[in-house]
Amino acid sequence: MSISFDFTGKTAIVTGGASGIGLAMAQEFAAAGANVQIFDVNAEAAEKAAATIGPACQWVSGSVSSPEAVAASCDAARSAFGKIDILMNNAGIAGSEPSIDLPLKDWSRAIDVNLTGVFLFAQTAARHMRDTGGGAIVNTASMFGVIAGPERASYCATKAGVVALTKVLASEWASLGIRVNAIGPGYVDTALIQTLAAEGRLDVERLKQRTPAGRLGTVKEIARSGLYLASDASDFVTGQVLLADGGWSSYSYL
Ligand SMILES: NC(=O)c1ccc[n+]([C@@H]2O[C@H](COP(=O)([O-])OP(=O)(O)OC[C@H]3O[C@@H](n4cnc5c(N)ncnc54)[C@H](O)[C@@H]3O)[C@@H](O)[C@H]2O)c1
């Protein structure tokens, strides 16, 4: 499949860009001509990922929930590339525990990374975008931001928070020329899924059967849904959640 997006002259920051969906986003942006910054808490993985992409990719290490690290990321992108056009607000952590036993520290950590981190990065990047004529922010939510997953209280609640935040920020920042949208991936074929399957903790065949598309998504497919929302092709789209889930959340039988 050929790439139909052109991001020549644009700069994109991808949080959680060292692996999985974020890495695919960074690769797709670079292939479409953008300057890219990978921001990730895992410095070693970020450096390695950026090296595979080449000179148009810088990397910065830090946590999305640290105001200092987020400011440093945006300053570094601005000084290397001149402006920030796109923020792929993608870093997130999963969690699966029975709610009745969920420790407060696990709940709080999910809020810190998945929700506070998304707000903080959006706010910091938007201040830069406001100064340079606008931009596009794409938050990675999940289909579990609009439907329930048992034993996923902190994950579902934080992703639902990302959906609500997306709509609020889109409404406030349209006048600044900043669009804010979200993607809601379903089950994606990642290392985590493969590990859980190998350990017998996840039945991939069952997931495929439950998905109308009959398969898991790929990281490239999720990345391209994100690229669409970051591109001029979606100029009049803001405050939306694009569910890239193979039909899972539309399907209620069985
Ligand atoms: N994989 C799926 O099936 C799936 C489905 C729906 C939504 N999502 C969402 O997509 C996003 C990416 O998921 P993935 O599957 O690629 O995960 P992943 O674990 O492969 O990648 C996440 C990246 O984020 C980084 N990260 C974690 N905490 C961070 C922090 N505090 N600050 C900065 N970076 C941090 C990690 O080091 C890692 O490189 C997440 O928001 C996740 O919730 C994934």
# chains A, B, ... in the order shown; residues from 1 in each chain; ligands from 1
$ residues_near_ligand --ligand "ligand 1" --cutoff "6 Å" --atoms "only C-alpha atoms and all ligand atoms" --output "CSV table (one decimal) with N, CA, C and O atoms, in the first residue's frame"
chain,number,residue,atom,x,y,z
A,15,THR,N,5.0,10.8,21.4
A,15,THR,CA,5.3,10.3,22.8
A,15,THR,C,5.1,8.8,22.8
A,15,THR,O,4.2,8.2,22.1
A,16,GLY,N,5.9,8.1,23.6
A,16,GLY,CA,5.9,6.7,23.6
A,16,GLY,C,6.4,6.1,22.2
A,16,GLY,O,5.9,5.1,21.8
A,17,GLY,N,7.2,6.9,21.6
A,17,GLY,CA,7.6,6.6,20.2
A,17,GLY,C,8.7,5.5,20.0
A,17,GLY,O,9.1,5.2,18.9
A,18,ALA,N,9.2,5.0,21.2
A,18,ALA,CA,10.3,4.0,21.1
A,18,ALA,C,9.8,2.6,20.8
A,18,ALA,O,10.6,1.8,20.4
A,19,SER,N,8.5,2.3,20.9
A,19,SER,CA,8.1,1.0,20.6
A,19,SER,C,6.6,1.0,20.1
A,19,SER,O,5.9,2.0,20.2
A,20,GLY,N,6.2,-0.2,19.6
A,20,GLY,CA,4.8,-0.4,19.3
A,20,GLY,C,4.2,0.6,18.4
A,20,GLY,O,4.7,0.9,17.3
A,21,ILE,N,3.0,1.1,18.7
A,21,ILE,CA,2.2,2.0,17.9
A,21,ILE,C,3.0,3.3,17.7
A,21,ILE,O,3.0,3.8,16.5
A,22,GLY,N,3.6,3.8,18.7
A,22,GLY,CA,4.3,5.1,18.6
A,22,GLY,C,5.5,5.0,17.6
A,22,GLY,O,5.8,5.9,16.8
A,40,ASP,N,10.3,9.4,24.9
A,40,ASP,CA,10.0,8.1,25.6
A,40,ASP,C,10.7,8.1,26.9
A,40,ASP,O,11.8,8.6,27.1
A,41,VAL,N,10.1,7.4,27.9
A,41,VAL,CA,10.7,7.2,29.2
A,41,VAL,C,11.9,6.2,29.1
A,41,VAL,O,12.8,6.3,29.9
A,42,ASN,N,11.9,5.4,28.1
A,42,ASN,CA,13.0,4.4,27.9
A,42,ASN,C,14.0,5.0,27.0
A,42,ASN,O,13.9,5.0,25.8
A,62,GLY,N,12.2,11.0,28.8
A,62,GLY,CA,11.6,11.6,30.0
A,62,GLY,C,10.2,11.0,30.1
A,62,GLY,O,9.7,10.3,29.3
A,63,SER,N,9.5,11.4,31.2
A,63,SER,CA,8.2,10.9,31.4
A,63,SER,C,7.2,12.0,31.0
A,63,SER,O,7.4,13.2,31.3
A,64,VAL,N,6.1,11.5,30.4
A,64,VAL,CA,5.0,12.5,30.0
A,64,VAL,C,4.4,13.2,31.2
A,64,VAL,O,3.7,14.2,31.1
A,65,SER,N,4.6,12.6,32.4
A,65,SER,CA,4.0,13.2,33.6
A,65,SER,C,4.9,14.2,34.3
A,65,SER,O,4.6,14.7,35.4
A,90,ASN,N,0.8,9.8,22.5
A,90,ASN,CA,0.5,8.3,22.4
A,90,ASN,C,1.0,7.5,23.6
A,90,ASN,O,0.4,6.4,23.8
A,91,ALA,N,1.9,8.0,24.4
A,91,ALA,CA,2.4,7.1,25.5
A,91,ALA,C,1.3,6.7,26.4
A,91,ALA,O,0.4,7.5,26.8
A,92,GLY,N,1.3,5.5,26.8
A,92,GLY,CA,0.3,5.0,27.8
A,92,GLY,C,0.7,3.6,28.4
A,92,GLY,O,1.6,3.0,27.8
A,93,ILE,N,0.1,3.3,29.5
A,93,ILE,CA,0.4,2.0,30.1
A,93,ILE,C,-0.9,1.2,30.3
A,93,ILE,O,-1.9,1.8,30.5
A,94,ALA,N,-0.7,-0.1,30.2
A,94,ALA,CA,-1.9,-0.9,30.3
A,94,ALA,C,-2.0,-1.4,31.8
A,94,ALA,O,-1.1,-1.2,32.6
A,113,VAL,N,0.1,8.8,34.1
A,113,VAL,CA,0.7,8.6,32.7
A,113,VAL,C,-0.4,8.8,31.7
A,113,VAL,O,-0.2,9.6,30.8
A,140,THR,N,-3.8,9.2,21.7
A,140,THR,CA,-4.1,7.8,21.6
A,140,THR,C,-5.0,7.4,22.8
A,140,THR,O,-4.5,7.3,23.9
A,141,ALA,N,-6.3,7.2,22.5
A,141,ALA,CA,-7.2,6.7,23.6
A,141,ALA,C,-7.2,5.1,23.4
A,141,ALA,O,-6.1,4.5,23.3
A,142,SER,N,-8.3,4.6,23.3
A,142,SER,CA,-8.5,3.1,23.1
A,142,SER,C,-10.0,2.9,22.9
A,142,SER,O,-10.8,3.7,23.3
A,185,PRO,N,-7.7,2.6,19.3
A,185,PRO,CA,-7.3,1.3,18.7
A,185,PRO,C,-8.1,0.2,19.4
A,185,PRO,O,-8.4,0.3,20.6
A,186,GLY,N,-8.4,-0.9,18.7
A,186,GLY,CA,-8.9,-2.1,19.3
A,186,GLY,C,-7.7,-3.0,19.6
A,186,GLY,O,-6.6,-2.5,19.9
A,187,TYR,N,-7.8,-4.3,19.5
A,187,TYR,CA,-6.7,-5.2,19.8
A,187,TYR,C,-5.7,-5.2,18.6
A,187,TYR,O,-6.1,-5.3,17.5
A,188,VAL,N,-4.4,-4.9,19.0
A,188,VAL,CA,-3.4,-4.7,18.0
A,188,VAL,C,-2.3,-5.8,18.2
A,188,VAL,O,-2.0,-6.1,19.4
A,190,THR,N,0.8,-6.7,18.9
A,190,THR,CA,2.1,-6.1,19.5
A,190,THR,C,2.8,-7.2,20.3
A,190,THR,O,2.2,-8.2,20.6
$ residues_around --residues "Gly184 (chain A)" --least-positions-apart "3" --cutoff "8 Å" --atoms "only C-alpha atoms" --output "mmCIF file with N, CA and C atoms, in the first residue's frame"
data_model
loop_
_atom_site.group_PDB
_atom_site.id
_atom_site.type_symbol
_atom_site.label_atom_id
_atom_site.label_comp_id
_atom_site.auth_asym_id
_atom_site.auth_seq_id
_atom_site.Cartn_x
_atom_site.Cartn_y
_atom_site.Cartn_z
ATOM 1 N N THR A 140 -3.792 9.203 21.711
ATOM 2 C CA THR A 140 -4.109 7.782 21.599
ATOM 3 C C THR A 140 -4.973 7.391 22.793
ATOM 4 N N ALA A 141 -6.259 7.177 22.517
ATOM 5 C CA ALA A 141 -7.156 6.657 23.558
ATOM 6 C C ALA A 141 -7.178 5.140 23.397
ATOM 7 N N SER A 142 -8.346 4.558 23.298
ATOM 8 C CA SER A 142 -8.508 3.112 23.102
ATOM 9 C C SER A 142 -9.989 2.876 22.871
ATOM 10 N N MET A 143 -10.314 1.742 22.255
ATOM 11 C CA MET A 143 -11.754 1.425 22.208
ATOM 12 C C MET A 143 -12.273 1.261 23.645
ATOM 13 N N PHE A 144 -11.331 0.963 24.587
ATOM 14 C CA PHE A 144 -11.745 0.848 25.981
ATOM 15 C C PHE A 144 -11.937 2.213 26.650
ATOM 16 N N GLY A 145 -11.897 3.270 25.852
ATOM 17 C CA GLY A 145 -12.331 4.579 26.345
ATOM 18 C C GLY A 145 -13.803 4.799 26.088
ATOM 19 N N VAL A 241 -13.247 10.918 17.885
ATOM 20 C CA VAL A 241 -12.493 9.711 18.230
ATOM 21 C C VAL A 241 -12.651 8.731 17.075
ATOM 22 N N LEU A 242 -11.553 8.401 16.453
ATOM 23 C CA LEU A 242 -11.586 7.440 15.343
ATOM 24 C C LEU A 242 -11.271 6.058 15.904
ATOM 25 N N LEU A 243 -12.298 5.206 15.940
ATOM 26 C CA LEU A 243 -12.119 3.863 16.498
ATOM 27 C C LEU A 243 -11.574 2.931 15.418
ATOM 28 N N ALA A 244 -10.316 2.598 15.563
ATOM 29 C CA ALA A 244 -9.658 1.685 14.618
ATOM 30 C C ALA A 244 -9.600 0.318 15.286
ATOM 31 N N ASP A 245 -10.733 -0.386 15.233
ATOM 32 C CA ASP A 245 -10.862 -1.602 16.052
ATOM 33 C C ASP A 245 -11.426 -2.793 15.282
#
$ residues_around --residues "region 154-168 of chain A" --least-positions-apart "5" --cutoff "10 Å" --atoms "only C-alpha atoms" --output "PyMOL selection string"
chain A and resi 92-97+99+102+104+106-116+118-119+122+137-149+173+179-184+238-241
$ select_by_dssp --residues "region 28-191 of chain A" --states "alpha helix (DSSP H)" --output "ChimeraX atom specification"
/A:28-31,43-53,67-81,104-110,117-131,153-173,191
$ residues_around --residues "Gly246 (chain A)" --least-positions-apart "5" --cutoff "7 Å" --atoms "only C-alpha atoms" --output "PyMOL selection string"
chain A and resi 211-213
$ write_last_selection --atoms "C-alpha atoms" --output "PDB file, in the first residue's frame"
ATOM      1  CA  THR A 211     -13.598  -9.024  15.873  1.00  0.00           C
ATOM      2  CA  PRO A 212     -15.816  -8.518  12.793  1.00  0.00           C
ATOM      3  CA  ALA A 213     -12.657  -7.989  10.708  1.00  0.00           C
TER       4      ALA A 213
END
$ residues_around --residues "Ala230 (chain A)" --least-positions-apart "5" --cutoff "10 Å" --atoms "only C-alpha atoms" --output "PyMOL selection string"
chain A and resi 5+7+12+29+85-88+135-138+179-181+224-225+235+237
$ decode --residues "region 165-190 of chain A" --atoms "N, CA and C atoms" --output "short mmCIF file (atom, residue, chain, number, x, y, z; two decimals), in the first residue's frame"
data_model
loop_
_atom_site.label_atom_id
_atom_site.label_comp_id
_atom_site.auth_asym_id
_atom_site.auth_seq_id
_atom_site.Cartn_x
_atom_site.Cartn_y
_atom_site.Cartn_z
N LEU A 165 -11.32 14.71 27.34
CA LEU A 165 -10.32 15.79 27.22
C LEU A 165 -10.16 16.22 25.76
N THR A 166 -10.18 15.26 24.87
CA THR A 166 -10.04 15.54 23.43
C THR A 166 -11.14 16.51 22.99
N LYS A 167 -12.36 16.24 23.45
CA LYS A 167 -13.50 17.09 23.03
C LYS A 167 -13.40 18.49 23.63
N VAL A 168 -13.00 18.55 24.89
CA VAL A 168 -12.87 19.87 25.55
C VAL A 168 -11.80 20.70 24.87
N LEU A 169 -10.62 20.10 24.67
CA LEU A 169 -9.51 20.86 24.08
C LEU A 169 -9.82 21.26 22.64
N ALA A 170 -10.50 20.37 21.90
CA ALA A 170 -10.88 20.71 20.52
C ALA A 170 -11.79 21.94 20.51
N SER A 171 -12.73 21.98 21.45
CA SER A 171 -13.66 23.10 21.50
C SER A 171 -12.95 24.40 21.86
N GLU A 172 -12.00 24.30 22.80
CA GLU A 172 -11.30 25.52 23.25
C GLU A 172 -10.28 26.02 22.24
N TRP A 173 -9.60 25.11 21.56
CA TRP A 173 -8.42 25.50 20.79
C TRP A 173 -8.66 25.63 19.29
N ALA A 174 -9.89 25.38 18.84
CA ALA A 174 -10.18 25.56 17.40
C ALA A 174 -9.87 27.00 16.99
N SER A 175 -10.16 27.93 17.89
CA SER A 175 -9.94 29.35 17.57
C SER A 175 -8.44 29.68 17.48
N LEU A 176 -7.59 28.79 18.01
CA LEU A 176 -6.14 29.00 17.91
C LEU A 176 -5.56 28.28 16.68
N GLY A 177 -6.43 27.64 15.90
CA GLY A 177 -5.96 26.88 14.74
C GLY A 177 -5.40 25.52 15.12
N ILE A 178 -5.79 25.03 16.30
CA ILE A 178 -5.29 23.73 16.76
C ILE A 178 -6.45 22.73 16.76
N ARG A 179 -6.30 21.67 15.99
CA ARG A 179 -7.29 20.60 16.00
C ARG A 179 -6.85 19.53 17.01
N VAL A 180 -7.82 18.94 17.69
CA VAL A 180 -7.51 17.90 18.67
C VAL A 180 -8.46 16.72 18.42
N ASN A 181 -7.89 15.58 18.10
CA ASN A 181 -8.67 14.37 17.86
C ASN A 181 -8.03 13.20 18.60
N ALA A 182 -8.71 12.06 18.57
CA ALA A 182 -8.16 10.87 19.23
C ALA A 182 -8.35 9.66 18.33
N ILE A 183 -7.44 8.70 18.52
CA ILE A 183 -7.68 7.40 17.90
C ILE A 183 -7.99 6.40 19.02
N GLY A 184 -8.83 5.45 18.69
CA GLY A 184 -9.21 4.43 19.65
C GLY A 184 -8.91 3.05 19.09
N PRO A 185 -7.66 2.60 19.26
CA PRO A 185 -7.33 1.27 18.72
C PRO A 185 -8.09 0.16 19.44
N GLY A 186 -8.37 -0.89 18.70
CA GLY A 186 -8.86 -2.13 19.30
C GLY A 186 -7.65 -3.01 19.61
N TYR A 187 -7.82 -4.32 19.52
CA TYR A 187 -6.69 -5.22 19.79
C TYR A 187 -5.70 -5.16 18.62
N VAL A 188 -4.44 -4.88 18.97
CA VAL A 188 -3.39 -4.70 17.98
C VAL A 188 -2.32 -5.76 18.21
N ASP A 189 -1.79 -6.26 17.12
CA ASP A 189 -0.77 -7.31 17.21
C ASP A 189 0.56 -6.69 17.64
N THR A 190 0.82 -6.67 18.94
CA THR A 190 2.05 -6.10 19.48
C THR A 190 2.78 -7.17 20.29
#
